[in-house]
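Just below is one structure, and these are the notes that go with it.
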Amino acid sequence: MSRHVAIVTDSTAYLPPRTMERHGITAVPLTVVLGDQALEEGTEISTRSLAHALQKRHSVTTSRPSPQVFAETYRKVAESGASGIVSLHLSAELSGTHDAAVLAAREAPVPVRVVDTGMVAMALGFCALAAAAAAEAGGTMDEAVTAAEKRAAGTSAYFYVDTLDYLRRGGRIGAAQALFGSALAVKPLLQLDGGRIELLEKVRTASKAIARLEEIVAERAGGAEVDIAVHHLAAPDRASALADRLRVRVPGLADLHVSEVGAVIGAHTGPGLLGAVVSTR
């Protein structure tokens with residue numbers, strides 16, 4: 001059995017299953033609590049069910065994986081032949097997932113490096129892929145961590161949401177920001193900044209906000225070689241149209257991923273979400 005550095009992330013990275021399998025990446029699921037049901041993201045709740053629940057204003061909350069779940073994951077990964085594990089997770093400003101991983105890492109059978117990427121969605125996914133590429137090339141744990149941190153430093157994430165109400169309910173954005181964003185029918189553009197979701201700009205209409213999102217992404221990409229991910233929740237046509245326009249506008253585009261976010265992020269953004277992640281190679 002060959003010894004290697006293994007990569008663990010969490011379900012909010014939204015990496016395609018085939019991509020994770022190809023690169024040997026393991027994702028630990030977060031939990032969505034719908035009413036009195038606790039459901040694992042990615043396997044036990046669909047985004048369609050989530051969107052329906054949100055539209056009906058049913059109670060929807062999220063929770064981190066337990067340290068025990070991480071401990072079991074690390075044990076299984078070690079048994080598969082890993083000599084060390086790099087565990088990359090969504091921003092600790094948004095979730096206790098990182099803290100749970102740290103607790104489990106102390107008792108793991110092999111060394112584990114837990115990294116707060118400060119990212120979420122494919123911004124996290126790109127970090128995991130960078131770490132996996134370093135590991136596949138025979139890199140050490142330190143080299144895999146460095147690759148992930150370098151990728152995070154060159155990655156930006158921007159989001160359009162129809163309303164800030166869902167983020168306010170989940171405590172992911174301040175009440176004052178939510179109130180200001182709701183005033184005068186303003187449509188908010190958000191960014192991931194310092195691991196937190198911050199209000200970036202306020203635009204009068206949805207169509208103008210989406211056009212501005214496209215412009216921001218194209219400006220951020222510049223002429224560099226970049227990967228882009230377009231995310232949505234219950235807005236596939238919006239996402240497809242934005243992706244088509246970015247293919248034309250971004251000359252250095254390497255890969256472009258289009259995907260619906262999972263239930264954990266969707267629970268905090270609501271239907272209509274349109275997001276774009278720009279990651280420099």
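Residues in the structure tokens are named by chain (A, B, ... in the order shown) and by number from 1 within that chain; ligands are numbered from 1 in the order shown.
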Per DSSP on the backbone, filter segment 56-195 of chain A down to the residues in helix (DSSP H, G or I) and report them as an NGL selection string. :A and (67-79 or 97-105 or 122-136 or 141-153 or 165-169 or 175-185)
Find the residues around segment 205-213 of chain A up to 7 Å (only C-alpha atoms counted), leave out those fewer than 6 positions away in its own chain, and share them as a ChimeraX atom specification. /A:160,186-187,189
With N, CA and C atoms kept, could you save the residues just selected as a short mmCIF file (atom, residue, chain, number, x, y, z; two decimals), in the first residue's frame?
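Contents of result-v2.cif, as written:
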data_model
loop_
_atom_site.label_atom_id
_atom_site.label_comp_id
_atom_site.auth_asym_id
_atom_site.auth_seq_id
_atom_site.Cartn_x
_atom_site.Cartn_y
_atom_site.Cartn_z
N TYR A 160 -24.70 37.54 -5.96
CA TYR A 160 -25.94 38.32 -6.03
C TYR A 160 -27.02 37.51 -5.34
N VAL A 186 -33.41 47.90 -3.17
CA VAL A 186 -32.04 47.74 -3.65
C VAL A 186 -31.70 46.25 -3.78
N LYS A 187 -30.96 45.91 -4.83
CA LYS A 187 -30.50 44.53 -5.02
C LYS A 187 -29.03 44.45 -4.62
N LEU A 189 -25.14 43.19 -4.02
CA LEU A 189 -24.01 42.38 -4.45
C LEU A 189 -23.11 42.19 -3.23
#
Of the candidates A:Ile85, A:Val250, A:Val69, A:Val161, which one gets nearest to Ile265 of chain A if we count only C-alpha atoms? A:Val161
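Residues in contact with Val145 of chain A at 8 Å, where only C-alpha atoms are counted and same-chain residues fewer than 3 positions away are skipped, are listed as Val86, Arg113, Val115, Ala131, Met141, Asp142, Ala148 and Glu149 of chain A.
You will find atom CA of Leu242 of chain A at 21.9 Å from atom CA of Glu198 of chain A.
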Counting only C-alpha atoms, which residue out of A:Val102, A:Asp193, A:Asp227, A:Ala108 sits closest to Glu79 of chain A? A:Ala108
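Closest approach to Tyr74 of chain A among A:Glu93, A:Glu41, A:Glu215, A:Glu107: A:Glu107, based on only C-alpha atoms.
The environment of Ala133 of chain A within 10 Å, counting only C-alpha atoms and disregarding residues fewer than 2 places along the same chain, consists of Ile7, His23, Cys127, Ala128, Leu129, Ala130, Ala131, Ala135, Glu136, Ala137, Gly138, Gly139, Ala144, Ala147 and Ala148 of chain A.
Proximity of A:Arg48, A:Arg281, A:Lys150, A:His4 to Ala234 of chain A, computed with only C-alpha atoms, is greatest for A:Arg48.
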Segment 113-238 of chain A: residues DSSP assigns to strand (DSSP E or B), reported as a ChimeraX atom specification: /A:113-116,155-160,187-193,196-203,226-232
Top pick for closest residue to Gly194 of chain A, considering A:Thr26, A:Ser259, A:Ser91, A:Thr269 and counting only C-alpha atoms: A:Ser91
Contact residues around Asp162 of chain A with only C-alpha atoms at 8 Å, ignoring same-chain residues under 4 positions, as an MDAnalysis selection string: chainID A and resid 187:188 206 270:273
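Between atom CA of Ile228 of chain A and atom CA of Arg204 of chain A the interatomic distance comes to 25.8 Å.
Note that atom CA of Glu143 of chain A and atom CA of Pro29 of chain A are 25.6 Å apart.
Among the candidates A:Ala104, A:Leu94, A:Met122, A:Leu274, the one nearest to Leu256 of chain A when counting only C-alpha atoms is A:Met122.
Residues surrounding Ser240 of chain A within 12 Å are Ala229, Val230, His231, His232, Ala234, Ala235, Pro236, Asp237, Arg238, Leu242, Ala243, Asp244, Arg245, Leu246, Arg247, Leu256, His257, Val258, Ser259, Glu260, Leu274, Gly275 and Ala276 of chain A [only C-alpha atoms; sequence separation below 2 positions excluded].
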Skip Ala105 of chain A itself and residues of its chain fewer than 6 positions away, then list as an NGL selection string all residues within 9 Å of it, counting only C-alpha atoms. :A and (67 or 70-71 or 74 or 111-114)
Proximity of segment 90-136 of chain A to segment 57-65 of chain A: per-residue shortest pair, 8 Å limit, only C-alpha atoms, as a Markdown table:
| residue | atom | partner | partner_atom | distance |
| --- | --- | --- | --- | --- |
| A:Ser95 | CA | A:Arg64 | CA | 6.6 |
| A:Gly96 | CA | A:Arg64 | CA | 5.8 |
| A:Thr97 | CA | A:Arg64 | CA | 5.0 |
| A:Ala100 | CA | A:Pro65 | CA | 7.0 |
Given the selection you just returned, output its residues as a file containing all heavy atoms, formatted as a PDB file, in the first residue's frame.
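Now in result10.pdb:
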ATOM      1  N   SER A  95     -18.692  29.193   9.971  1.00  0.00           N
ATOM      2  CA  SER A  95     -19.079  27.867  10.461  1.00  0.00           C
ATOM      3  C   SER A  95     -18.095  27.377  11.508  1.00  0.00           C
ATOM      4  O   SER A  95     -16.916  27.764  11.499  1.00  0.00           O
ATOM      5  CB  SER A  95     -19.132  26.883   9.289  1.00  0.00           C
ATOM      6  OG  SER A  95     -19.251  25.546   9.731  1.00  0.00           O
ATOM      7  N   GLY A  96     -18.554  26.491  12.378  1.00  0.00           N
ATOM      8  CA  GLY A  96     -17.684  25.841  13.350  1.00  0.00           C
ATOM      9  C   GLY A  96     -17.025  24.589  12.822  1.00  0.00           C
ATOM     10  O   GLY A  96     -16.405  23.841  13.583  1.00  0.00           O
ATOM     11  N   THR A  97     -17.119  24.359  11.507  1.00  0.00           N
ATOM     12  CA  THR A  97     -16.549  23.148  10.902  1.00  0.00           C
ATOM     13  C   THR A  97     -15.049  23.042  11.162  1.00  0.00           C
ATOM     14  O   THR A  97     -14.539  21.967  11.516  1.00  0.00           O
ATOM     15  CB  THR A  97     -16.840  23.137   9.390  1.00  0.00           C
ATOM     16  OG1 THR A  97     -18.260  23.134   9.188  1.00  0.00           O
ATOM     17  CG2 THR A  97     -16.239  21.920   8.724  1.00  0.00           C
ATOM     18  N   ALA A 100     -14.313  21.871  14.706  1.00  0.00           N
ATOM     19  CA  ALA A 100     -14.588  20.449  14.891  1.00  0.00           C
ATOM     20  C   ALA A 100     -13.458  19.598  14.311  1.00  0.00           C
ATOM     21  O   ALA A 100     -13.052  18.585  14.898  1.00  0.00           O
ATOM     22  CB  ALA A 100     -15.917  20.077  14.231  1.00  0.00           C
TER      23      ALA A 100
END
